[in-house]
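See below for the structure under consideration.
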Amino acid sequence: MNTLSYKTVSANKATANKEWVVVDAENQPLGRLASKVAKILRGKHKTNFTPHADCGDNVVVLNAGKITLSGNKWADKTYIWHTGYPGGQKSMTAEELKTKDSLKVLEKSIKGMLPKNRLGSQLFRNLYLYEGTDHKHEAQQPKEININEFK
């Protein structure tokens, strides 16, 4: 029996074929969009997925400020953090965060779906969010995908 055919191939920095992908976020629900983008960043859609390596694609998200939230979530969803000082707990609603920086809502959502370690930090650097429809990554020849048809 040929045992060489049973070897599992692990992707690493040299063997991972990273691509550039463009996603249009206009009128997309926040959570569904964020989970699909995190999946692309992580590389889980590829056959050579390796949990400990950066084998995902670089993702450019256009119209990132035009996402939607269902129901009353713009007013009810709160982001809570602590400054580190006694009594330093602060909070902000999703609507306040969007008026302050429209990209932060999607950014926080995607970052929360990535691993909480050095690999997650590296994967997050492969994400590029833009407010409008133009971006500066034409030289990488990104392919545009329809996020609704992506599994």
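We name chains A, B, ... following the order of the structure tokens; residues begin at 1 in each chain, and ligands are numbered from 1 as shown.
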Residue contacts of segment 16-33 of chain A (9 Å, only C-alpha atoms) excluding same-chain residues fewer than 3 positions away, as an mmCIF file with C-alpha atoms, in the first residue's frame:
data_model
loop_
_atom_site.group_PDB
_atom_site.id
_atom_site.type_symbol
_atom_site.label_atom_id
_atom_site.label_comp_id
_atom_site.auth_asym_id
_atom_site.auth_seq_id
_atom_site.Cartn_x
_atom_site.Cartn_y
_atom_site.Cartn_z
ATOM 1 C CA ALA A 11 -0.433 25.263 4.080
ATOM 2 C CA ASN A 12 2.244 27.691 5.196
ATOM 3 C CA LYS A 13 3.361 31.148 4.174
ATOM 4 C CA LYS A 36 -18.646 35.653 5.583
ATOM 5 C CA VAL A 37 -15.792 38.179 5.424
ATOM 6 C CA ALA A 38 -14.162 36.610 8.501
ATOM 7 C CA ILE A 40 -12.678 34.545 3.709
ATOM 8 C CA GLY A 43 -9.250 30.900 4.588
ATOM 9 C CA ASN A 48 -5.914 23.685 1.961
ATOM 10 C CA PHE A 49 -7.204 25.423 5.136
ATOM 11 C CA ALA A 53 -1.467 29.562 9.291
ATOM 12 C CA ASP A 54 -2.546 32.669 7.413
ATOM 13 C CA CYS A 55 -3.916 31.047 4.261
ATOM 14 C CA GLY A 56 -6.904 33.383 3.748
ATOM 15 C CA ASP A 57 -7.442 36.052 1.136
ATOM 16 C CA ASN A 58 -7.036 39.816 1.287
ATOM 17 C CA VAL A 59 -10.508 41.382 1.395
ATOM 18 C CA VAL A 60 -11.476 44.866 0.207
ATOM 19 C CA VAL A 61 -14.931 45.906 1.449
ATOM 20 C CA LEU A 62 -16.611 48.753 -0.440
ATOM 21 C CA ASN A 63 -19.544 50.824 0.896
ATOM 22 C CA ALA A 64 -18.686 49.603 4.406
ATOM 23 C CA GLY A 65 -20.682 52.386 6.034
ATOM 24 C CA LYS A 66 -23.928 51.377 4.275
ATOM 25 C CA ILE A 67 -24.597 48.169 6.210
ATOM 26 C CA THR A 68 -27.977 47.499 7.798
ATOM 27 C CA LEU A 69 -29.139 46.304 11.185
ATOM 28 C CA SER A 70 -32.571 44.766 11.633
ATOM 29 C CA VAL A 105 -19.242 49.035 13.347
ATOM 30 C CA LEU A 106 -18.236 46.562 10.630
ATOM 31 C CA SER A 109 -17.888 42.913 14.134
ATOM 32 C CA ILE A 110 -15.315 41.252 11.860
ATOM 33 C CA THR A 133 -16.904 52.482 -4.277
ATOM 34 C CA HIS A 137 -5.909 48.198 -4.800
ATOM 35 C CA GLN A 140 -3.519 43.691 -7.240
ATOM 36 C CA GLN A 141 -6.296 42.859 -9.744
ATOM 37 C CA PRO A 142 -8.905 41.819 -7.163
ATOM 38 C CA LYS A 143 -11.812 39.694 -8.272
ATOM 39 C CA GLU A 144 -15.279 40.834 -7.283
ATOM 40 C CA ILE A 145 -17.521 38.302 -5.579
ATOM 41 C CA ASN A 146 -21.201 38.410 -4.738
ATOM 42 C CA ILE A 147 -21.348 37.865 -0.975
ATOM 43 C CA ASN A 148 -24.948 36.635 -1.168
#
Expected answer as a ChimeraX atom specification: strand (DSSP E) residues in chain A:
/A:20-24,58-62,78-82,89-93,127-129,143-144
Close residues, Trp74 of chain A itself excluded, 7 Å, only C-alpha atoms, min 4 positions apart in chain, as a PyMOL selection string
chain A and resi 69+93-95
In segment 30-86 of chain A, DSSP alpha helix (DSSP H) residues written as a PyMOL selection string:
chain A and resi 30-42+73-76
Quick one: distance from atom CA of His82 of chain A to atom CA of Leu129 of chain A in Å, one decimal?
25.8 Å
